[in-house]
Amino acid sequence: MTKTSPKKLLIAAALWLAGAQAVAAPSVRPEVGEPLQAAQQALQSRQYKDALARIAQAEKVGGLSAYESYLVARLRAAAAQGAGDYAAAVSAYETALASPEFPAAEKLQVLDALAKLAYAAKKYDKAADTIQQYQAAGGSDPKTLGLLPQALYLSNDFAGAQKVLNAQLSQMEKAGQTPTETQLQLLASCALKQNDTAGYVAALEKLVRYHPQESYWLDLLTRTVNKPGFSDKLALDVYRLRLHTGTLRTAADYMEAAQLALQAGLPGEAEAVVKQGYEKKLLGTGTPQEVDRHKRLADLVARKIAEDKPTLAEGEQAAAAQAGGDALVATGMNYVGYGDYEKGIALIRQGIAKGGLKRADQAKLQLGYAQLVAGRKDEAVETFSGVKGSDGSADLARLWLLQARS
């Protein structure tokens, strides 16, 4: 998790005295007021150590009234903050807040400053508590409120941080705003700290939607495929998604994807996989034995295409004659593999409409895929949204929706 720099957290003007009552007020004794006035002048010149010395001089007078003590606390808070002694500044702010002389009109400003100082001082419990007070009092600065989940996380309140983050992210999304990658990484880390697998996957899904990266996609896909009940019959569908999310990393990945396509009777799709593998220089490189194995696969794909293409029309007729729609779906996917999307989509639709499918949700998943690669995104989104299978097809459809919307 990325922590924010304390220097960026602190208010640009360290002098919290802006708009404050003059030090030399009638209720302040001269022996107290004079060193405090000198401290104020030192603060304005950014002579923070001198200011602290003057404040100590005023405090030594003793017998300070409530108002004098309040002024000492105000000045010490500003001087300590300027000097980088955030712990001392936090203590002084708390003293001032507790004073009966503290003006209620300045509460939000002071709580805001105190929260940021407590965070910079690594007093994360205090920072979280103060931000919550700030929010309850009507404070709404997004930067200040954005520190709350970080402060809760750093104080080991992972459940609290997760709850606050989810609420903040929900508001952002409703407002059409994009969550930052740091926020989503923090949400994922909160879930991991609690062994909350569902929460972690939900955070990953947001990461791939708003900040898609290969590592996020690979983690999400791995966790999805490893869920109990995920069918191994969806292996080729998984590889299709991996191909489109850039998560095929090795020559073995490309060879497995191509071989699965061949086994499914889709040589055109296998050819596209092999072509990309060579373009990425994962195939056709390595040891002489590896290069030869890659070439043999490419030759096999070319041979299957030569055998398959002349029989496409005949296969289509045979599929249409069958009682169920599975053959029509398979034939449609074959056309899609060759790049004839319109023909392929039409046949897949016919197969689904005909019924009698062994795996109806997988057929819908494949229809959505065909529509997406054909550039018919809105139709694909509608199709993926209707996949409800408990065999893993609904999980893959949800990931395709994220890919389509990212």
# chains A, B, ... in the order shown; residues from 1 in each chain; ligands from 1
>>> select_by_dssp(residues="region 233-402 of chain A", states="alpha helix (DSSP H)", output="ChimeraX atom specification")
/A:235-245,251-263,267-279,288-308,312-321,326-337,341-354,360-373,377-385,393-402
>>> residues_around(residues="Leu192 (chain A)", least_positions_apart="6", cutoff="10 Å", atoms="only C-alpha atoms", output="list in words")
Phe158, Leu186, Ala198, Gly199, Tyr200 and Val201 of chain A
>>> atom_distance(atom1="CA of Leu165 (chain A)", atom2="CA of Glu181 (chain A)")
12.6 Å
>>> closest_residue(among="A:Ala159, A:Leu187, A:Ala80, A:Leu108", to="Ala121 (chain A)", atoms="only C-alpha atoms")
A:Ala80
>>> atom_distance(atom1="CA of Glu31 (chain A)", atom2="CA of Glu68 (chain A)")
11.0 Å
>>> residues_around(residues="Ser189 (chain A)", least_positions_apart="4", cutoff="12 Å", atoms="only C-alpha atoms", output="PDB file with N, CA and C atoms, in the first residue's frame")
ATOM      1  N   MET A   1       0.827  -1.173   0.000  1.00  0.00           N
ATOM      2  CA  MET A   1       0.000   0.000   0.000  1.00  0.00           C
ATOM      3  C   MET A   1       0.875   1.240   0.000  1.00  0.00           C
ATOM      4  N   THR A   2       0.533   2.239  -0.819  1.00  0.00           N
ATOM      5  CA  THR A   2       1.314   3.459  -0.924  1.00  0.00           C
ATOM      6  C   THR A   2       0.882   4.435   0.154  1.00  0.00           C
ATOM      7  N   PRO A 149      -9.499   5.861   5.420  1.00  0.00           N
ATOM      8  CA  PRO A 149      -9.219   4.423   5.254  1.00  0.00           C
ATOM      9  C   PRO A 149      -7.739   4.100   5.405  1.00  0.00           C
ATOM     10  N   GLN A 150      -6.865   5.000   4.985  1.00  0.00           N
ATOM     11  CA  GLN A 150      -5.431   4.760   5.155  1.00  0.00           C
ATOM     12  C   GLN A 150      -5.065   4.720   6.630  1.00  0.00           C
ATOM     13  N   TYR A 153      -6.348   1.537   8.171  1.00  0.00           N
ATOM     14  CA  TYR A 153      -5.513   0.413   7.734  1.00  0.00           C
ATOM     15  C   TYR A 153      -4.203   0.384   8.520  1.00  0.00           C
ATOM     16  N   LEU A 154      -3.565   1.530   8.636  1.00  0.00           N
ATOM     17  CA  LEU A 154      -2.263   1.594   9.305  1.00  0.00           C
ATOM     18  C   LEU A 154      -2.366   1.404  10.812  1.00  0.00           C
ATOM     19  N   ASN A 156      -4.251  -0.984  11.824  1.00  0.00           N
ATOM     20  CA  ASN A 156      -4.636  -2.408  11.816  1.00  0.00           C
ATOM     21  C   ASN A 156      -6.136  -2.646  11.940  1.00  0.00           C
ATOM     22  N   ASP A 157      -6.942  -1.623  11.671  1.00  0.00           N
ATOM     23  CA  ASP A 157      -8.390  -1.811  11.632  1.00  0.00           C
ATOM     24  C   ASP A 157      -8.770  -2.070  10.172  1.00  0.00           C
ATOM     25  N   PHE A 158      -8.489  -3.279   9.701  1.00  0.00           N
ATOM     26  CA  PHE A 158      -8.675  -3.585   8.293  1.00  0.00           C
ATOM     27  C   PHE A 158     -10.155  -3.635   7.915  1.00  0.00           C
ATOM     28  N   ALA A 159     -10.986  -4.152   8.816  1.00  0.00           N
ATOM     29  CA  ALA A 159     -12.421  -4.202   8.530  1.00  0.00           C
ATOM     30  C   ALA A 159     -12.991  -2.793   8.441  1.00  0.00           C
ATOM     31  N   ALA A 161     -11.340  -0.036   7.670  1.00  0.00           N
ATOM     32  CA  ALA A 161     -10.817   0.590   6.449  1.00  0.00           C
ATOM     33  C   ALA A 161     -11.584   0.101   5.230  1.00  0.00           C
ATOM     34  N   GLN A 162     -11.878  -1.198   5.191  1.00  0.00           N
ATOM     35  CA  GLN A 162     -12.607  -1.782   4.065  1.00  0.00           C
ATOM     36  C   GLN A 162     -14.023  -1.199   3.967  1.00  0.00           C
ATOM     37  N   LEU A 165     -13.781   2.471   2.805  1.00  0.00           N
ATOM     38  CA  LEU A 165     -13.386   2.527   1.397  1.00  0.00           C
ATOM     39  C   LEU A 165     -14.533   2.130   0.471  1.00  0.00           C
ATOM     40  N   THR A 182      -4.554   3.458  -6.289  1.00  0.00           N
ATOM     41  CA  THR A 182      -4.117   3.335  -4.895  1.00  0.00           C
ATOM     42  C   THR A 182      -5.282   2.950  -3.987  1.00  0.00           C
ATOM     43  N   GLN A 183      -6.440   3.563  -4.201  1.00  0.00           N
ATOM     44  CA  GLN A 183      -7.618   3.217  -3.394  1.00  0.00           C
ATOM     45  C   GLN A 183      -7.988   1.747  -3.569  1.00  0.00           C
ATOM     46  N   LEU A 184      -7.965   1.282  -4.799  1.00  0.00           N
ATOM     47  CA  LEU A 184      -8.362  -0.101  -5.068  1.00  0.00           C
ATOM     48  C   LEU A 184      -7.316  -1.091  -4.577  1.00  0.00           C
ATOM     49  N   GLN A 185      -6.044  -0.716  -4.657  1.00  0.00           N
ATOM     50  CA  GLN A 185      -4.994  -1.570  -4.095  1.00  0.00           C
ATOM     51  C   GLN A 185      -5.170  -1.684  -2.585  1.00  0.00           C
ATOM     52  N   LYS A 193      -5.755  -9.022   4.209  1.00  0.00           N
ATOM     53  CA  LYS A 193      -5.411  -9.028   5.629  1.00  0.00           C
ATOM     54  C   LYS A 193      -6.447  -9.777   6.458  1.00  0.00           C
ATOM     55  N   GLN A 194      -7.676  -9.862   5.949  1.00  0.00           N
ATOM     56  CA  GLN A 194      -8.755 -10.530   6.679  1.00  0.00           C
ATOM     57  C   GLN A 194      -9.080 -11.914   6.097  1.00  0.00           C
ATOM     58  N   ASN A 195      -8.274 -12.372   5.132  1.00  0.00           N
ATOM     59  CA  ASN A 195      -8.555 -13.632   4.440  1.00  0.00           C
ATOM     60  C   ASN A 195      -9.946 -13.628   3.813  1.00  0.00           C
ATOM     61  N   ASP A 196     -10.342 -12.462   3.314  1.00  0.00           N
ATOM     62  CA  ASP A 196     -11.653 -12.277   2.698  1.00  0.00           C
ATOM     63  C   ASP A 196     -11.505 -12.477   1.189  1.00  0.00           C
ATOM     64  N   THR A 197     -11.654 -13.710   0.739  1.00  0.00           N
ATOM     65  CA  THR A 197     -11.450 -14.024  -0.673  1.00  0.00           C
ATOM     66  C   THR A 197     -12.442 -13.290  -1.565  1.00  0.00           C
ATOM     67  N   GLY A 199     -14.020 -10.520  -0.975  1.00  0.00           N
ATOM     68  CA  GLY A 199     -13.691  -9.096  -0.988  1.00  0.00           C
ATOM     69  C   GLY A 199     -12.488  -8.806  -1.862  1.00  0.00           C
ATOM     70  N   TYR A 200     -11.508  -9.716  -1.843  1.00  0.00           N
ATOM     71  CA  TYR A 200     -10.307  -9.526  -2.652  1.00  0.00           C
ATOM     72  C   TYR A 200     -10.644  -9.625  -4.142  1.00  0.00           C
ATOM     73  N   VAL A 201     -11.465 -10.602  -4.499  1.00  0.00           N
ATOM     74  CA  VAL A 201     -11.864 -10.758  -5.901  1.00  0.00           C
ATOM     75  C   VAL A 201     -12.663  -9.538  -6.363  1.00  0.00           C
ATOM     76  N   ALA A 202     -13.538  -9.027  -5.491  1.00  0.00           N
ATOM     77  CA  ALA A 202     -14.313  -7.831  -5.846  1.00  0.00           C
ATOM     78  C   ALA A 202     -13.394  -6.638  -6.101  1.00  0.00           C
ATOM     79  N   ALA A 203     -12.337  -6.512  -5.284  1.00  0.00           N
ATOM     80  CA  ALA A 203     -11.365  -5.431  -5.487  1.00  0.00           C
ATOM     81  C   ALA A 203     -10.600  -5.633  -6.792  1.00  0.00           C
ATOM     82  N   LEU A 204     -10.221  -6.878  -7.087  1.00  0.00           N
ATOM     83  CA  LEU A 204      -9.536  -7.182  -8.344  1.00  0.00           C
ATOM     84  C   LEU A 204     -10.412  -6.830  -9.544  1.00  0.00           C
TER      85      LEU A 204
END
>>> closest_residue(among="A:Gly344, A:Gly284, A:Gly324, A:Gly375", to="Lys358 (chain A)", atoms="only C-alpha atoms")
A:Gly324
>>> residues_around(residues="Asp112 (chain A)", least_positions_apart="3", cutoff="8 Å", atoms="only C-alpha atoms", output="list in words")
Leu108, Gln109, Ala115, Lys116, Thr130, Ile131, Tyr134, Gly139 and Thr144 of chain A
>>> residues_around(residues="Gly386 (chain A)", least_positions_apart="5", cutoff="12 Å", atoms="only C-alpha atoms", output="list in words")
Ala360, Asp361, Gln362, Ala363, Lys364, Leu365, Leu367, Gly368, Glu379, Ala380, Val381, Ser393, Ala394, Asp395, Leu396, Ala397, Arg398 and Leu401 of chain A
>>> closest_residue(among="A:Ala404, A:Ala252, A:Ala96, A:Ala306", to="Val110 (chain A)", atoms="only C-alpha atoms")
A:Ala96
>>> residues_around(residues="Leu262 (chain A)", least_positions_apart="3", cutoff="10 Å", atoms="only C-alpha atoms", output="number ranges by chain")
A: 256-259, 265-271, 300-301, 304-305
>>> closest_residue(among="A:Gly246, A:Pro103, A:Pro35, A:Gly389", to="Lys60 (chain A)", atoms="only C-alpha atoms")
A:Pro35
>>> closest_residue(among="A:Pro179, A:Gly332, A:Gly82, A:Pro212", to="Leu399 (chain A)", atoms="only C-alpha atoms")
A:Pro212
